[in-house]
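Working notes, structure below.
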Amino acid sequence: MTSPDPTLAQLLGGAPPASIAALPPADQARLAEIVAAARRKQASDLAASFEASLKHVPFPIRGLVKKTLLG
């Protein structure tokens with residue numbers, strides 16, 4: 001068994017499962033890239049959907065709603 005890729009372990013929030021840790025280092029690095037890209041896309045999609053949903057809020061209170069939801 002190879003040692004887990006540190007970037008992958010950080011992305012997963014802990015040690016990867018044994019089946020992932022058994023992958024060659026190049027495959028683990030590629031999996032880390034895929035997971036990071038998926039998280040970036042998820043964050044981008046979430047931000048876009050949040051902005052789109054704000055368009056349904058009347059303009060005069062939009063700032064207040066945004067501040068309330070985002071803190």
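Chain labels A, B, ... are given in the sequence in which chains occur in the structure tokens; within each chain residues are numbered consecutively from 1, and ligands are likewise numbered from 1 in the order shown.
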Next on the checklist: I'd like the neighbourhood of Leu54 of chain A as a PyMOL selection string, where a residue qualifies if any of its atoms comes within 9 Å (using only C-alpha atoms), though same-chain residues fewer than 6 positions away should be ignored.
Outcome noted: chain A and resi 62+65-66
Checklist entry - Which residues, written as a PyMOL selection string, have at least one atom at most 10 Å from segment 19-31 of chain A, with only C-alpha atoms counted and residues fewer than 4 positions away on the same chain left out? => result chain A and resi 1-9+15+35-37
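Put simply, atom CA of Leu12 of chain A is 8.9 Å away from atom CA of Ala32 of chain A.
Residue nearest Ala47 of chain A, chosen from A:Ala18, A:Ile34, A:Leu70, A:Phe59 and counting only C-alpha atoms: A:Leu70.
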Item to check | Per-residue DSSP, chain A, filtered to helix (DSSP H, G or I), as a PyMOL selection string | outcome: chain A and resi 6-12+18-21+25-54+59-70
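Reported to one decimal place, the separation of atom CA of Leu11 of chain A from atom CA of Ala38 of chain A is 11.1 Å.
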Checklist entry - What is the distance between atom CA of Gly63 of chain A and atom CA of Ser49 of chain A, in Å to one decimal? => result 16.4 Å
